[in-house]
>>> print(open('entry-v9.txt').read())   # compact mmCIF, C-alpha atoms (C1' of nucleotides)
# COMPACT_ATOMS: atom_id res chain seq x y z
CA MET N 1 -5.49 9.21 35.62
CA LYS N 2 -2.89 10.08 33.06
CA ARG N 3 -3.57 9.34 29.43
CA ALA N 4 -2.01 6.13 28.10
CA GLN N 5 1.35 6.61 26.45
CA PHE N 6 2.45 4.95 23.26
CA ASP N 7 5.57 5.14 21.14
CA LEU N 8 4.83 4.41 17.51
CA ALA N 9 8.53 4.35 16.67
CA THR N 10 9.07 1.20 18.74
CA PHE N 11 5.80 -0.44 17.76
CA PHE N 12 6.68 -3.59 15.86
CA PRO N 13 4.02 -3.58 13.12
CA TYR N 14 4.90 0.03 12.36
CA ARG N 15 8.62 -0.64 12.12
CA LEU N 16 7.96 -3.62 9.90
CA ALA N 17 5.68 -1.58 7.64
CA VAL N 18 8.19 1.24 7.32
CA LEU N 19 11.03 -1.10 6.43
CA SER N 20 8.88 -2.98 3.96
CA GLU N 21 7.62 0.16 2.25
CA ARG N 22 11.13 1.50 2.00
CA THR N 23 12.44 -1.75 0.55
CA SER N 24 9.63 -1.98 -1.98
CA LYS N 25 10.16 1.63 -2.96
CA CYS N 26 13.87 1.11 -3.63
CA LEU N 27 13.13 -2.08 -5.51
CA SER N 28 10.51 -0.40 -7.64
CA ASP N 29 13.09 2.19 -8.62
CA VAL N 30 15.01 -0.68 -10.21
CA TYR N 31 12.23 -2.04 -12.40
CA ARG N 32 10.43 1.26 -12.95
CA ALA N 33 13.40 3.31 -14.01
CA ARG N 34 14.47 1.11 -16.88
CA PHE N 35 11.27 -0.71 -17.84
CA GLY N 36 8.41 1.47 -16.62
CA LEU N 37 6.86 -1.42 -14.72
CA SER N 38 4.50 -0.96 -11.81
CA MET N 39 4.65 -3.23 -8.79
CA PRO N 40 1.70 -5.40 -9.87
CA GLU N 41 3.21 -5.71 -13.33
CA TRP N 42 6.55 -6.69 -11.84
CA ARG N 43 4.99 -9.41 -9.75
CA VAL N 44 3.05 -10.82 -12.67
CA ILE N 45 5.93 -10.85 -15.09
CA VAL N 46 8.36 -12.32 -12.60
CA HIS N 47 5.94 -15.08 -11.79
CA LEU N 48 5.88 -15.95 -15.46
CA ALA N 49 9.62 -16.49 -15.26
CA ARG N 50 8.87 -19.47 -13.07
CA CYS N 51 5.86 -21.08 -14.68
CA GLN N 52 4.23 -20.47 -17.99
CA PRO N 53 1.58 -20.42 -19.32
CA VAL N 54 -0.56 -19.69 -16.32
CA SER N 55 -4.07 -18.43 -15.52
CA VAL N 56 -5.08 -15.25 -13.72
CA ARG N 57 -6.27 -17.35 -10.84
CA GLU N 58 -2.91 -19.06 -10.42
CA ILE N 59 -1.08 -15.75 -10.42
CA HIS N 60 -3.56 -14.44 -7.90
CA ASN N 61 -2.78 -17.34 -5.60
CA CYS N 62 0.99 -17.12 -6.02
CA VAL N 63 1.85 -13.45 -5.82
CA ASN N 64 -0.43 -12.20 -3.04
CA MET N 65 -2.56 -9.92 -5.19
CA GLU N 66 -6.32 -9.64 -5.64
CA LYS N 67 -7.79 -11.01 -8.84
CA PRO N 68 -8.76 -7.65 -10.37
CA LYS N 69 -5.27 -6.35 -9.68
CA VAL N 70 -3.77 -9.27 -11.54
CA SER N 71 -6.25 -8.92 -14.38
CA ARG N 72 -5.47 -5.26 -14.91
CA ALA N 73 -1.74 -5.76 -14.60
CA VAL N 74 -1.91 -8.46 -17.26
CA ALA N 75 -3.97 -6.17 -19.47
CA ARG N 76 -1.35 -3.45 -19.22
CA LEU N 77 1.46 -5.90 -19.88
CA GLU N 78 -0.41 -7.08 -22.95
CA THR N 79 -0.72 -3.58 -24.38
CA THR N 80 2.98 -2.99 -23.76
CA GLY N 81 3.71 -6.23 -25.53
CA LEU N 82 5.47 -8.13 -22.76
CA VAL N 83 2.77 -10.73 -22.33
CA ARG N 84 0.38 -12.69 -24.51
CA LYS N 85 -3.08 -13.98 -23.65
CA ASP N 86 -4.37 -17.13 -25.33
CA ALA N 87 -7.60 -18.99 -24.81
CA ASP N 88 -7.30 -22.37 -23.16
CA SER N 89 -8.63 -24.91 -25.64
CA GLU N 90 -9.83 -27.30 -22.94
CA ASP N 91 -11.53 -24.78 -20.65
CA GLN N 92 -12.76 -21.66 -22.36
CA ARG N 93 -12.98 -19.81 -19.08
CA LEU N 94 -9.24 -19.91 -18.55
CA VAL N 95 -6.69 -17.56 -20.02
CA ARG N 96 -3.23 -18.85 -20.77
CA ILE N 97 -0.85 -16.01 -19.97
CA SER N 98 2.69 -16.29 -21.26
CA LEU N 99 5.68 -14.10 -22.02
CA THR N 100 6.28 -12.71 -25.47
CA GLN N 101 9.76 -12.69 -26.93
CA ARG N 102 10.12 -9.12 -25.81
CA GLY N 103 8.89 -10.10 -22.36
CA GLU N 104 11.55 -12.75 -22.06
CA THR N 105 14.21 -10.30 -23.18
CA VAL N 106 13.10 -7.79 -20.58
CA LEU N 107 13.13 -10.44 -17.87
CA ASP N 108 16.59 -11.62 -18.83
CA GLU N 109 17.83 -8.11 -18.37
CA LEU N 110 15.78 -7.30 -15.29
CA ILE N 111 16.33 -10.35 -13.15
CA PRO N 112 20.07 -9.84 -12.68
CA LEU N 113 19.44 -6.23 -11.67
CA VAL N 114 16.88 -7.31 -9.10
CA ARG N 115 19.12 -10.06 -7.77
CA ALA N 116 21.90 -7.53 -7.42
CA PHE N 117 19.59 -5.24 -5.49
CA GLU N 118 18.69 -8.03 -3.09
CA ALA N 119 22.37 -8.80 -2.65
CA ARG N 120 23.15 -5.18 -1.82
CA ILE N 121 20.35 -5.08 0.74
CA LEU N 122 21.43 -8.28 2.45
CA GLY N 123 25.15 -8.09 1.80
CA ASP N 124 26.10 -6.77 5.22
CA LEU N 125 24.42 -9.53 7.15
CA GLU N 126 26.63 -12.01 8.93
CA PRO N 127 26.55 -15.71 8.08
CA GLY N 128 23.37 -17.21 9.48
CA GLU N 129 21.83 -13.85 10.23
CA LEU N 130 19.50 -14.00 7.24
CA ASP N 131 18.40 -17.52 8.11
CA ARG N 132 17.60 -16.48 11.67
CA PHE N 133 15.71 -13.47 10.34
CA LEU N 134 13.65 -15.63 8.01
CA ALA N 135 12.96 -18.11 10.81
CA THR N 136 11.62 -15.32 13.00
CA MET N 137 9.50 -14.06 10.11
CA GLU N 138 8.06 -17.53 9.86
CA ARG N 139 7.21 -17.58 13.55
CA ILE N 140 5.44 -14.26 13.28
CA ARG N 141 3.54 -15.52 10.27
CA ALA N 142 2.39 -18.53 12.27
CA ALA N 143 1.18 -16.22 15.03
CA LEU N 144 -0.76 -14.20 12.47
CA ASP N 145 -2.34 -17.40 11.18
CA ARG N 146 -3.59 -18.16 14.67
CA GLU N 147 -4.79 -14.59 15.01
CA SER N 148 -6.82 -14.84 11.82
CA ALA N 149 -8.19 -18.24 12.80
CA ASP N 150 -9.36 -16.83 16.12
CA THR N 151 -11.19 -13.85 14.67
CA ALA N 152 -12.70 -16.08 11.99
CA ALA N 153 -13.89 -18.53 14.64
CA SER N 154 -15.38 -15.84 16.87
CA GLY N 155 -17.15 -14.33 13.88
CA ALA N 156 -18.44 -17.69 12.67
CA GLY N 157 -20.76 -18.07 15.63
CA GLU N 158 -23.53 -16.15 13.93
CA GLU N 159 -23.28 -18.11 10.72
CA VAL N 160 -23.89 -21.42 12.44
CA ALA N 161 -27.22 -20.25 13.82
CA MET X 162 20.26 -19.79 -23.88
CA LYS X 163 17.61 -20.64 -21.36
CA ARG X 164 15.48 -17.89 -19.92
CA ALA X 165 16.54 -16.62 -16.50
CA GLN X 166 14.74 -18.27 -13.62
CA PHE X 167 13.44 -16.50 -10.56
CA ASP X 168 11.51 -17.60 -7.51
CA LEU X 169 9.38 -14.79 -6.11
CA ALA X 170 8.54 -16.85 -3.03
CA THR X 171 12.14 -16.73 -1.82
CA PHE X 172 12.78 -13.16 -2.88
CA PHE X 173 13.45 -11.17 0.24
CA PRO X 174 11.63 -7.90 -0.54
CA TYR X 175 8.57 -9.90 -1.52
CA ARG X 176 8.57 -11.96 1.65
CA LEU X 177 9.00 -8.84 3.71
CA ALA X 178 6.15 -7.11 1.90
CA VAL X 179 3.80 -10.05 2.37
CA LEU X 180 4.52 -10.33 6.07
CA SER X 181 4.16 -6.61 6.55
CA GLU X 182 0.87 -6.40 4.68
CA ARG X 183 -0.49 -9.32 6.64
CA THR X 184 0.58 -7.79 9.94
CA SER X 185 -0.90 -4.41 9.08
CA LYS X 186 -4.11 -6.06 7.98
CA CYS X 187 -4.52 -7.94 11.25
CA LEU X 188 -3.67 -4.83 13.20
CA SER X 189 -6.17 -2.75 11.28
CA ASP X 190 -8.84 -5.25 12.23
CA VAL X 191 -8.18 -4.24 15.82
CA TYR X 192 -8.64 -0.50 15.43
CA ARG X 193 -11.15 -0.64 12.61
CA ALA X 194 -13.56 -3.12 14.14
CA ARG X 195 -14.24 -1.17 17.30
CA PHE X 196 -13.45 2.43 16.32
CA GLY X 197 -13.81 2.60 12.54
CA LEU X 198 -10.36 4.07 12.15
CA SER X 199 -8.36 3.85 8.95
CA MET X 200 -4.63 3.25 8.99
CA PRO X 201 -3.72 6.91 8.42
CA GLU X 202 -6.13 7.93 11.15
CA TRP X 203 -4.63 5.36 13.50
CA ARG X 204 -1.14 6.66 12.93
CA VAL X 205 -2.15 10.24 13.47
CA ILE X 206 -4.10 9.65 16.62
CA VAL X 207 -1.48 7.39 18.16
CA HIS X 208 1.18 9.96 17.48
CA LEU X 209 -0.88 12.44 19.43
CA ALA X 210 -0.66 10.08 22.38
CA ARG X 211 3.03 10.89 22.48
CA CYS X 212 3.21 14.59 21.80
CA GLN X 213 0.51 17.18 21.67
CA PRO X 214 -0.27 19.66 20.26
CA VAL X 215 1.55 19.11 17.03
CA SER X 216 1.55 20.39 13.44
CA VAL X 217 0.74 18.50 10.26
CA ARG X 218 4.36 18.78 9.24
CA GLU X 219 5.58 17.16 12.46
CA ILE X 220 3.17 14.27 12.07
CA HIS X 221 4.27 13.90 8.48
CA ASN X 222 7.88 13.58 9.63
CA CYS X 223 7.15 11.19 12.48
CA VAL X 224 4.71 8.66 11.10
CA ASN X 225 6.05 8.04 7.60
CA MET X 226 3.07 9.47 5.71
CA GLU X 227 2.87 12.09 2.99
CA LYS X 228 1.60 15.51 3.96
CA PRO X 229 -1.75 15.32 2.12
CA LYS X 230 -2.41 11.96 3.71
CA VAL X 231 -1.88 13.43 7.15
CA SER X 232 -4.00 16.46 6.32
CA ARG X 233 -6.95 14.37 5.19
CA ALA X 234 -6.64 11.96 8.08
CA VAL X 235 -6.71 14.88 10.50
CA ALA X 236 -9.74 16.33 8.70
CA ARG X 237 -11.62 13.06 9.10
CA LEU X 238 -10.62 12.77 12.74
CA GLU X 239 -11.88 16.29 13.27
CA THR X 240 -15.28 15.50 11.80
CA THR X 241 -15.54 12.39 13.95
CA GLY X 242 -14.65 14.50 16.95
CA LEU X 243 -11.48 12.76 18.09
CA VAL X 244 -9.18 15.64 17.27
CA ARG X 245 -9.23 19.43 17.48
CA LYS X 246 -7.45 21.93 15.24
CA ASP X 247 -6.42 25.30 16.62
CA ALA X 248 -4.51 28.11 14.99
CA ASP X 249 -1.01 28.71 16.31
CA SER X 250 -0.94 32.21 17.69
CA GLU X 251 2.76 32.70 16.94
CA ASP X 252 2.80 31.32 13.40
CA GLN X 253 -0.46 31.59 11.53
CA ARG X 254 0.64 28.95 9.03
CA LEU X 255 0.78 26.21 11.62
CA VAL X 256 -2.10 24.16 12.92
CA ARG X 257 -2.03 22.90 16.47
CA ILE X 258 -3.57 19.44 16.40
CA SER X 259 -4.60 17.92 19.68
CA LEU X 260 -6.86 15.22 21.07
CA THR X 261 -10.37 16.00 22.24
CA GLN X 262 -11.70 14.44 25.41
CA ARG X 263 -13.35 11.79 23.31
CA GLY X 264 -10.09 11.22 21.45
CA GLU X 265 -8.28 10.59 24.71
CA THR X 266 -10.97 8.19 25.82
CA VAL X 267 -10.72 6.26 22.59
CA LEU X 268 -6.95 6.10 22.88
CA ASP X 269 -7.10 4.87 26.45
CA GLU X 270 -9.27 2.01 25.30
CA LEU X 271 -7.44 1.32 22.08
CA ILE X 272 -3.83 1.32 23.20
CA PRO X 273 -4.14 -1.72 25.47
CA LEU X 274 -5.80 -3.65 22.64
CA VAL X 275 -3.01 -2.77 20.26
CA ARG X 276 -0.34 -3.63 22.81
CA ALA X 277 -2.02 -6.98 23.35
CA PHE X 278 -2.01 -7.59 19.62
CA GLU X 279 1.70 -6.89 19.44
CA ALA X 280 2.28 -9.23 22.36
CA ARG X 281 0.35 -12.03 20.65
CA ILE X 282 2.35 -11.57 17.46
CA LEU X 283 5.70 -11.61 19.24
CA GLY X 284 4.82 -13.87 22.12
CA ASP X 285 6.33 -17.01 20.68
CA LEU X 286 9.75 -15.55 20.11
CA GLU X 287 12.56 -16.77 22.32
CA PRO X 288 14.48 -14.40 24.58
CA GLY X 289 16.77 -12.26 22.46
CA GLU X 290 15.14 -13.30 19.23
CA LEU X 291 13.25 -10.04 18.86
CA ASP X 292 16.35 -7.99 19.58
CA ARG X 293 18.29 -9.89 16.94
CA PHE X 294 15.44 -9.39 14.51
CA LEU X 295 15.35 -5.66 15.14
CA ALA X 296 19.12 -5.47 14.79
CA THR X 297 18.93 -7.12 11.38
CA MET X 298 16.14 -4.76 10.38
CA GLU X 299 18.41 -1.90 11.30
CA ARG X 300 21.22 -3.28 9.14
CA ILE X 301 18.89 -3.57 6.19
CA ARG X 302 17.68 -0.05 6.77
CA ALA X 303 21.26 1.17 6.69
CA ALA X 304 21.82 -0.64 3.41
CA LEU X 305 18.72 1.03 1.98
CA ASP X 306 20.06 4.39 3.09
CA ARG X 307 23.24 3.76 1.12
CA GLU X 308 21.17 2.61 -1.82
CA SER X 309 19.13 5.82 -1.82
CA ALA X 310 22.24 7.92 -1.40
CA ASP X 311 23.85 6.24 -4.42
CA THR X 312 20.91 6.75 -6.76
CA ALA X 313 20.55 10.33 -5.55
CA ALA X 314 24.24 10.95 -6.22
CA SER X 315 24.17 9.40 -9.69
CA GLY X 316 21.09 11.41 -10.57
CA ALA X 317 22.54 14.65 -9.22
CA GLY X 318 25.14 14.86 -11.95
CA GLU X 319 22.79 16.58 -14.33
CA GLU X 320 21.61 19.11 -11.79
CA VAL X 321 25.12 20.39 -11.17
CA ALA X 322 25.62 21.31 -14.81
C1' DA A 323 9.96 48.93 3.22
C1' DC A 324 9.74 45.79 -0.26
C1' DG A 325 10.53 42.07 -3.43
C1' DT A 326 12.22 37.34 -3.20
C1' DT A 327 12.24 32.94 -1.33
C1' DA A 328 10.81 29.35 1.76
C1' DT A 329 7.40 26.90 4.40
C1' DC A 330 2.75 25.81 6.00
C1' DG A 331 -1.53 23.14 5.17
C1' DT A 332 -4.89 22.26 1.65
C1' DT A 333 -6.85 21.05 -2.71
C1' DG A 334 -7.23 19.18 -7.77
C1' DC A 335 -6.67 15.59 -10.52
C1' DA A 336 -5.47 11.45 -12.68
C1' DA A 337 -4.32 6.86 -11.40
C1' DA A 338 -4.77 2.87 -8.49
C1' DC A 339 -7.17 0.41 -5.13
C1' DG A 340 -10.71 -2.99 -2.75
C1' DC A 341 -14.72 -5.09 -3.14
C1' DA A 342 -18.93 -6.66 -5.12
C1' DA A 343 -21.30 -8.01 -9.01
C1' DC A 344 -21.46 -9.50 -13.60
C1' DG A 345 -21.59 -12.58 -17.99
C1' DA A 346 -19.47 -16.63 -19.78
C1' DA A 347 -18.19 -21.29 -19.33
C1' DG A 348 -18.02 -25.59 -16.96
C1' DT A 349 -19.95 -29.21 -13.61
C1' DC A 350 -23.21 -31.94 -11.64
C1' DA A 351 -27.66 -34.20 -10.55
C1' DA A 352 -32.16 -35.59 -11.69
C1' DT G 353 -31.74 -32.08 -21.55
C1' DT G 354 -32.45 -28.95 -18.26
C1' DG G 355 -31.78 -26.22 -14.26
C1' DA G 356 -29.04 -25.16 -10.15
C1' DC G 357 -24.55 -24.32 -8.72
C1' DT G 358 -19.49 -23.31 -9.17
C1' DT G 359 -15.55 -21.10 -11.13
C1' DC G 360 -13.31 -18.10 -14.43
C1' DG G 361 -11.79 -13.39 -15.71
C1' DT G 362 -13.56 -8.77 -16.20
C1' DT G 363 -15.85 -4.56 -15.16
C1' DG G 364 -18.25 -0.77 -12.25
C1' DC G 365 -18.01 2.09 -8.62
C1' DG G 366 -16.89 4.66 -4.67
C1' DT G 367 -12.70 5.53 -2.06
C1' DT G 368 -7.90 6.33 -1.45
C1' DT G 369 -3.49 7.42 -3.11
C1' DG G 370 0.55 10.18 -4.91
C1' DC G 371 2.09 14.13 -6.78
C1' DA G 372 2.01 18.77 -8.16
C1' DA G 373 0.29 23.14 -7.58
C1' DC G 374 -1.98 26.57 -4.91
C1' DG G 375 -3.01 30.57 -1.54
C1' DA G 376 -1.49 32.18 2.81
C1' DT G 377 1.93 33.31 5.98
C1' DA G 378 6.69 33.97 7.50
C1' DA G 379 11.64 34.84 6.92
C1' DC G 380 15.27 36.88 4.60
C1' DG G 381 18.21 40.16 1.93
C1' DT G 382 18.94 44.65 0.24
>>> encode(input="entry-v9.txt", output="structure tokens")
Amino acid sequence: MKRAQFDLATFFPYRLAVLSERTSKCLSDVYRARFGLSMPEWRVIVHLARCQPVSVREIHNCVNMEKPKVSRAVARLETTGLVRKDADSEDQRLVRISLTQRGETVLDELIPLVRAFEARILGDLEPGELDRFLATMERIRAALDRESADTAASGAGEEVA
Amino acid sequence: MKRAQFDLATFFPYRLAVLSERTSKCLSDVYRARFGLSMPEWRVIVHLARCQPVSVREIHNCVNMEKPKVSRAVARLETTGLVRKDADSEDQRLVRISLTQRGETVLDELIPLVRAFEARILGDLEPGELDRFLATMERIRAALDRESADTAASGAGEEVA
DNA sequence: ACGTTATCGTTGCAAACGCAACGAAGTCAA
DNA sequence: TTGACTTCGTTGCGTTTGCAACGATAACGT
């Protein structure tokens, strides 16, 4: 019997990964070229644009990054002076992370650049095309949720015993 | 003036990256659980399902991975006995990478699992929805090509001098 | 033929990563 | 109060990554 054939180029997860990596790479050129930010740093600092002050844990939950990744990104941002870390007076375990003046200035300059990048990437789409794309993304995400639930359930059998 | 606001959760490159990482993670569970393959190893071995024998350079061009990554993945696959490396008799620089018998057996078992995974992920989509999604992906890819061309052109000014 | 240049695959190295474990701080029950 | 348990952010550690450089081979120009 002939060996199974497979075309990676038409394999959906691969195509998605390639497009995503390429998009992230181009985006990182925007915030790395002018501000020397890494991707984790970018995600942390941009989250601070939305809510502030915030703990490591909250960032971890909001920007899809592991806790140590967030912690180290914050540490770097602190040494570069874009972010400040204060102790929470009510719970000494928490760290209140907030933007410095310089951090706010950087964000004010960076955000329009990033918005412009997004606009360039999506500018050619027809009306409604982006919404349909996002809706499909959502459907795929739901399927992945079921997938994860299934593998978790099948693996949980041993733990019940 | 108020600080610029920004919502990472609705930022397209971020959403794309999150979905892609999640998809790749679930997929890797498939080939890692049963065969202990890493993502680079998976890409190499599945490319061999399509054309064989092949050089490191060709894999590098086809599966969107840097050359050293391919080289190391092939080295690991060789030690685990899924892949064989032979010298090219016509060009001593090239390496002819091909599947061993065991490699073919693994692929024959793995490919149906991976196809089933893809089907589960995309199974809920309506007729035509996937095609529209892929078409939009292609448009975004084209926009990224222009983006890269622009930055390359603007950076090339110094090199001409 | 011979020096130059290009291409092949590999390796070195510093940085980043994932994951587990840690100390510190808070919570809760007895 | 004390002791068990949880949650917080950080750190250690082995692995992986990206990038540049390397030796080896081939191709080219003169």
>>> closest_atom_pairs(input="entry-v9.txt", of="chain A", to="chain X", cutoff="8 Å", atoms="all atoms listed in the file", output="CSV")
residue,atom,partner,partner_atom,distance
A:DC330,C1',X:Arg254,CA,4.8
A:DG331,C1',X:Ser232,CA,7.2
A:DT332,C1',X:Ser232,CA,7.5
>>> closest_residue(input="entry-v9.txt", among="X:Arg307, X:Ala165, X:Gln262, X:Ala277", to="chain N", atoms="all atoms listed in the file")
X:Ala165
>>> atom_distance(input="entry-v9.txt", atom1="CA of Leu180 in chain X", atom2="CA of Pro288 in chain X")
21.4 Å
>>> residues_around(input="entry-v9.txt", residues="DG345 in chain A", least_positions_apart="5", cutoff="12 Å", atoms="only C-alpha atoms (C1' of nucleotides)", output="list of chain:residue names")
N:Arg93, G:DC360, G:DG361, G:DT362, G:DT363
>>> residues_around(input="entry-v9.txt", residues="DT369 in chain G", least_positions_apart="3", cutoff="9 Å", atoms="all atoms listed in the file", output="PyMOL selection string")
(chain X and resi 230) or (chain A and resi 337-339)
>>> closest_residue(input="entry-v9.txt", among="X:Phe278, X:Tyr192, X:Ser259, X:Ser199", to="chain N", atoms="all atoms listed in the file")
X:Phe278
>>> interface_residues(input="entry-v9.txt", of="chain N", to="chain X", cutoff="7 Å", atoms="all atoms listed in the file", output="list of chain:residue names")
N:Arg3, N:Ala4, N:Gln5, N:Phe6, N:Asp7, N:Leu8, N:Phe12, N:Pro13, N:Leu16, N:Ala17, N:Leu19, N:Ser20, N:Thr23, N:Ser24, N:Val46, N:His47, N:Ala49, N:Arg50, N:Glu104, N:Asp108, N:Glu118, N:Ile121, N:Leu122, N:Phe133, N:Ile140, N:Arg141, N:Ala143, N:Leu144
>>> residues_near_point(input="entry-v9.txt", point="(-9.1, 21.8, -4.8)", cutoff="10 Å", atoms="only C-alpha atoms (C1' of nucleotides)", output="MDAnalysis selection string")
(chainID A and resid 332:335) or (chainID G and resid 373:374)
